[in-house]
>>> print(open('query.txt').read())   # compact mmCIF, C-alpha atoms
# COMPACT_ATOMS: atom_id res chain seq x y z
CA MET S 12 69.79 80.95 7.02
CA SER S 13 67.91 84.22 6.64
CA GLU S 14 64.42 82.76 6.83
CA PHE S 15 62.89 81.91 10.20
CA TYR S 16 59.70 80.00 10.80
CA GLN S 17 57.16 79.64 13.53
CA THR S 18 57.75 76.05 14.60
CA ILE S 19 54.46 74.32 15.34
CA VAL S 20 54.44 71.22 17.54
CA LEU S 21 51.68 68.73 16.88
CA PRO S 22 51.42 65.99 19.52
CA VAL S 23 50.78 62.59 17.97
CA ASP S 24 50.16 59.12 19.38
CA ALA S 25 53.31 57.15 18.56
CA GLU S 26 51.48 53.84 18.19
CA GLN S 27 48.25 54.99 16.53
CA PRO S 28 48.89 58.33 14.86
CA GLU S 29 45.81 60.50 14.46
CA ALA S 30 44.82 60.87 10.81
CA ALA S 31 44.21 64.63 11.10
CA VAL S 32 47.69 65.29 12.52
CA ILE S 33 49.34 63.13 9.86
CA ALA S 34 47.30 64.81 7.10
CA ARG S 35 48.40 68.26 8.30
CA ALA S 36 52.08 67.23 8.36
CA ALA S 37 51.76 65.57 4.94
CA GLU S 38 50.35 68.79 3.50
CA VAL S 39 53.36 70.69 4.85
CA ILE S 40 55.66 68.19 3.08
CA ARG S 41 53.72 68.53 -0.20
CA ARG S 42 53.96 72.35 0.09
CA GLY S 43 57.74 72.10 0.05
CA GLU S 44 58.28 72.75 3.75
CA LEU S 45 59.96 70.74 6.53
CA VAL S 46 58.50 68.37 9.12
CA ALA S 47 60.29 66.67 12.02
CA PHE S 48 58.94 63.22 12.85
CA PRO S 49 59.93 60.14 14.85
CA THR S 50 61.42 57.06 13.23
CA GLU S 51 62.42 53.81 14.89
CA THR S 52 65.96 55.13 15.30
CA VAL S 53 65.89 58.95 15.78
CA TYR S 54 63.75 61.94 14.81
CA GLY S 55 64.00 62.77 11.13
CA LEU S 56 63.72 66.11 9.35
CA GLY S 57 61.67 65.49 6.24
CA ALA S 58 60.98 67.21 2.95
CA ASN S 59 59.61 66.15 -0.42
CA ALA S 60 62.51 64.19 -1.90
CA LEU S 61 61.41 65.09 -5.44
CA ASP S 62 61.51 68.87 -4.80
CA ALA S 63 65.05 70.31 -4.99
CA GLY S 64 63.95 73.52 -3.25
CA ALA S 65 62.42 71.62 -0.33
CA VAL S 66 65.54 69.46 -0.04
CA ALA S 67 67.70 72.61 0.02
CA LYS S 68 65.71 73.75 3.07
CA ILE S 69 66.90 70.66 4.96
CA PHE S 70 70.52 71.60 4.33
CA ALA S 71 69.87 75.23 5.32
CA ALA S 72 67.95 74.38 8.51
CA LYS S 73 70.56 71.88 9.70
CA GLN S 74 73.54 73.88 8.40
CA ARG S 75 74.49 70.59 6.75
CA PRO S 76 77.18 70.54 4.07
CA ALA S 77 75.75 69.97 0.59
CA ALA S 78 78.32 67.18 0.11
CA ASP S 79 76.57 65.04 2.74
CA PRO S 80 73.76 63.03 1.03
CA LEU S 81 70.33 62.34 2.50
CA ILE S 82 68.29 59.15 2.91
CA VAL S 83 64.97 58.90 1.06
CA HIS S 84 62.11 57.31 3.03
CA LEU S 85 59.41 55.34 1.23
CA ALA S 86 55.91 54.28 2.24
CA ALA S 87 55.80 51.13 0.13
CA LEU S 88 58.09 48.81 -1.79
CA ASP S 89 56.43 49.75 -5.08
CA GLN S 90 57.92 53.28 -4.71
CA LEU S 91 61.44 51.87 -5.02
CA GLY S 92 61.43 52.10 -8.82
CA GLU S 93 60.29 55.72 -8.58
CA VAL S 94 63.54 56.80 -6.93
CA ALA S 95 66.03 54.11 -8.01
CA THR S 96 66.89 52.46 -11.31
CA ASP S 97 68.77 49.37 -12.49
CA LEU S 98 67.43 47.56 -9.45
CA PRO S 99 69.19 44.26 -8.75
CA ALA S 100 67.12 41.32 -7.57
CA LEU S 101 69.08 41.43 -4.30
CA ALA S 102 67.61 44.88 -3.53
CA TYR S 103 64.10 43.43 -3.65
CA GLU S 104 65.15 40.38 -1.62
CA LEU S 105 66.69 42.54 1.11
CA ALA S 106 63.76 44.95 1.13
CA ALA S 107 61.27 42.09 1.38
CA GLU S 108 63.21 40.64 4.31
CA PHE S 109 64.09 43.77 6.30
CA TRP S 110 61.57 46.48 5.40
CA PRO S 111 59.98 48.19 7.08
CA GLY S 112 63.00 48.75 9.30
CA PRO S 113 66.30 50.60 9.58
CA LEU S 114 67.97 48.94 6.56
CA THR S 115 69.20 51.51 4.02
CA LEU S 116 69.89 50.46 0.43
CA VAL S 117 72.19 52.52 -1.79
CA LEU S 118 71.05 52.22 -5.41
CA ARG S 119 71.35 54.06 -8.71
CA ARG S 120 69.31 57.29 -8.58
CA GLN S 121 66.40 57.93 -10.96
CA PRO S 122 66.67 61.32 -12.74
CA ILE S 123 63.44 62.46 -11.03
CA VAL S 124 65.35 62.57 -7.72
CA PRO S 125 67.14 65.94 -7.55
CA PRO S 126 70.93 65.74 -7.39
CA ASN S 127 71.02 67.67 -4.08
CA VAL S 128 69.38 64.68 -2.34
CA SER S 129 72.44 62.61 -3.22
CA ALA S 130 75.10 65.33 -3.03
CA GLY S 131 75.45 65.11 -6.81
CA ARG S 132 76.14 61.38 -6.82
CA ASP S 133 74.51 58.90 -9.20
CA THR S 134 73.22 56.89 -6.25
CA VAL S 135 70.44 57.37 -3.72
CA ALA S 136 70.09 55.95 -0.21
CA VAL S 137 66.61 54.51 0.38
CA ARG S 138 64.78 52.97 3.33
CA MET S 139 61.27 52.22 4.56
CA PRO S 140 60.78 53.23 8.19
CA ALA S 141 58.97 50.93 10.64
CA HIS S 142 57.77 53.58 13.12
CA PRO S 143 53.97 54.03 12.86
CA VAL S 144 54.20 57.84 12.63
CA ALA S 145 56.92 57.77 9.96
CA ARG S 146 55.03 55.13 7.96
CA ALA S 147 51.78 57.07 8.16
CA LEU S 148 53.49 60.34 7.13
CA CYS S 149 55.25 58.72 4.17
CA ALA S 150 51.97 57.19 3.00
CA ALA S 151 49.89 60.35 3.49
CA ALA S 152 52.44 62.64 1.83
CA GLY S 153 52.22 60.60 -1.37
CA VAL S 154 55.83 61.46 -2.21
CA PRO S 155 59.16 60.01 -1.11
CA ILE S 156 60.52 61.94 1.87
CA ALA S 157 64.18 62.91 2.17
CA ALA S 158 65.01 62.85 5.86
CA PRO S 159 68.28 63.04 7.75
CA SER S 160 68.25 63.34 11.54
CA ALA S 161 66.39 66.40 12.88
CA ASN S 162 69.30 68.22 14.49
CA MET S 163 71.92 70.80 13.66
CA PHE S 164 74.80 69.25 11.75
CA THR S 165 77.44 67.72 14.09
CA ARG S 166 75.06 67.73 17.09
CA PRO S 167 73.83 64.46 18.63
CA SER S 168 70.92 62.83 16.83
CA PRO S 169 67.60 63.59 18.52
CA THR S 170 65.71 60.79 20.23
CA GLN S 171 63.00 63.03 21.74
CA ALA S 172 60.87 65.85 20.37
CA ALA S 173 62.44 68.18 22.95
CA HIS S 174 65.86 67.56 21.35
CA VAL S 175 64.48 68.63 17.96
CA LEU S 176 63.07 71.84 19.42
CA GLU S 177 66.35 72.56 21.18
CA ASP S 178 68.24 72.49 17.88
CA LEU S 179 65.72 73.52 15.22
CA ASN S 180 63.04 75.70 16.83
CA GLY S 181 62.40 78.58 14.43
CA ARG S 182 64.27 76.85 11.59
CA ILE S 183 61.48 74.46 10.58
>>> encode(input="query.txt", output="structure tokens")
Amino acid sequence: MSEFYQTIVLPVDAEQPEAAVIARAAEVIRRGELVAFPTETVYGLGANALDAGAVAKIFAAKQRPAADPLIVHLAALDQLGEVATDLPALAYELAAEFWPGPLTLVLRRQPIVPPNVSAGRDTVAVRMPAHPVARALCAAAGVPIAAPSANMFTRPSPTQAAHVLEDLNGRI
């Protein structure tokens, strides 16, 4: 990766995220840049899932192989048809039961989702996070967010902001 960034850390209340902080992070996503944020499992490294260039930055920052697909995070169930097609009734039943939460559905990808999100496959992995910060960011961004864990590829998944900085400071 030849491009380095000034990594900016914005403290946020995990239970009641401040609207101004979320709006600033959402703007970064919409601009095609990367944002690390907490989910109910680990910290994610997010980019606009509909922007192939932004998605490519995830792979570059993490040094992640392009053959390893990403998960797309949604703010609301009604976004499911935006990123997936040929939706079986079971997908809606499972989403209604387990979303928001760490359930990931693998469905047929809509053409609007760039192939690099799915490593060239015809499918896309989709979930709706339950963490208040992740939910607020997904909603404020107004676009689906592609987000693997916020760490260098093969390193342990980050469960604290300090872990993200240790791996990705200057890369996001």
>>> closest_residue(input="query.txt", among="S:Leu105, S:Val53, S:Ala60, S:Ala72", to="Asn180 in chain S", atoms="all atoms listed in the file")
S:Ala72
>>> residues_near_point(input="query.txt", point="(73.3, 56.6, 2.5)", cutoff="8 Å", atoms="all atoms listed in the file", output="number ranges by chain")
S: 80-82, 115-117, 135-137
>>> write_last_selection(input="query.txt", atoms="C-alpha atoms", output="PDB file, in the coordinates of the input")
ATOM      1  CA  PRO S  80      73.760  63.030   1.030  1.00  0.00           C
ATOM      2  CA  LEU S  81      70.330  62.340   2.500  1.00  0.00           C
ATOM      3  CA  ILE S  82      68.290  59.150   2.910  1.00  0.00           C
ATOM      4  CA  THR S 115      69.200  51.510   4.020  1.00  0.00           C
ATOM      5  CA  LEU S 116      69.890  50.460   0.430  1.00  0.00           C
ATOM      6  CA  VAL S 117      72.190  52.520  -1.790  1.00  0.00           C
ATOM      7  CA  VAL S 135      70.440  57.370  -3.720  1.00  0.00           C
ATOM      8  CA  ALA S 136      70.090  55.950  -0.210  1.00  0.00           C
ATOM      9  CA  VAL S 137      66.610  54.510   0.380  1.00  0.00           C
TER      10      VAL S 137
END
>>> atom_distance(input="query.txt", atom1="CA of Ile69 in chain S", atom2="CA of Gln27 in chain S")
27.0 Å
>>> closest_residue(input="query.txt", among="S:Ala150, S:Ala30, S:Ala130, S:Ile19", to="Arg75 in chain S", atoms="only C-alpha atoms")
S:Ala130
>>> residues_around(input="query.txt", residues="Asn162 in chain S", least_positions_apart="6", cutoff="7 Å", atoms="only C-alpha atoms", output="list in words")
Lys73, Ser168, Pro169, Val175, Asp178 and Leu179 of chain S
>>> atom_distance(input="query.txt", atom1="CA of Leu88 in chain S", atom2="CA of Gly57 in chain S")
18.9 Å
>>> closest_residue(input="query.txt", among="S:Ile123, S:Val128, S:Val32, S:Ala37", to="Ala77 in chain S", atoms="all atoms listed in the file")
S:Val128
>>> atom_distance(input="query.txt", atom1="CA of Phe164 in chain S", atom2="CA of Gly181 in chain S")
15.7 Å
>>> axis_aligned_box(input="query.txt", around="range 69-87 of chain S", padding_each_side="8 Å", output="AutoDock Vina command-line options")
--center_x 67.1 --center_y 63.2 --center_z 4.9 --size_x 38.5 --size_y 40.1 --size_z 25.6
>>> closest_residue(input="query.txt", among="S:Thr134, S:Asn59, S:Thr52, S:Thr18", to="Ala151 in chain S", atoms="all atoms listed in the file")
S:Asn59
>>> residues_around(input="query.txt", residues="Gly153 in chain S", least_positions_apart="6", cutoff="10 Å", atoms="all atoms listed in the file", output="compact mmCIF listing (two decimals) with C-alpha atoms, keeping the file's coordinate frame")
# COMPACT_ATOMS: atom_id res chain seq x y z
CA ALA S 37 51.76 65.57 4.94
CA GLU S 38 50.35 68.79 3.50
CA ILE S 40 55.66 68.19 3.08
CA ARG S 41 53.72 68.53 -0.20
CA ASN S 59 59.61 66.15 -0.42
CA LEU S 85 59.41 55.34 1.23
CA ALA S 86 55.91 54.28 2.24
CA GLN S 90 57.92 53.28 -4.71
>>> closest_residue(input="query.txt", among="S:Ala58, S:Met139, S:His174, S:Ala34", to="Ala107 in chain S", atoms="only C-alpha atoms")
S:Met139
>>> residues_near_point(input="query.txt", point="(60.0, 58.9, -7.1)", cutoff="9 Å", atoms="all atoms listed in the file", output="list in words")
Ala60, Leu61, Gln90, Leu91, Gly92, Glu93, Val94, Ala95, Gln121, Ile123, Val124, Val154 and Pro155 of chain S
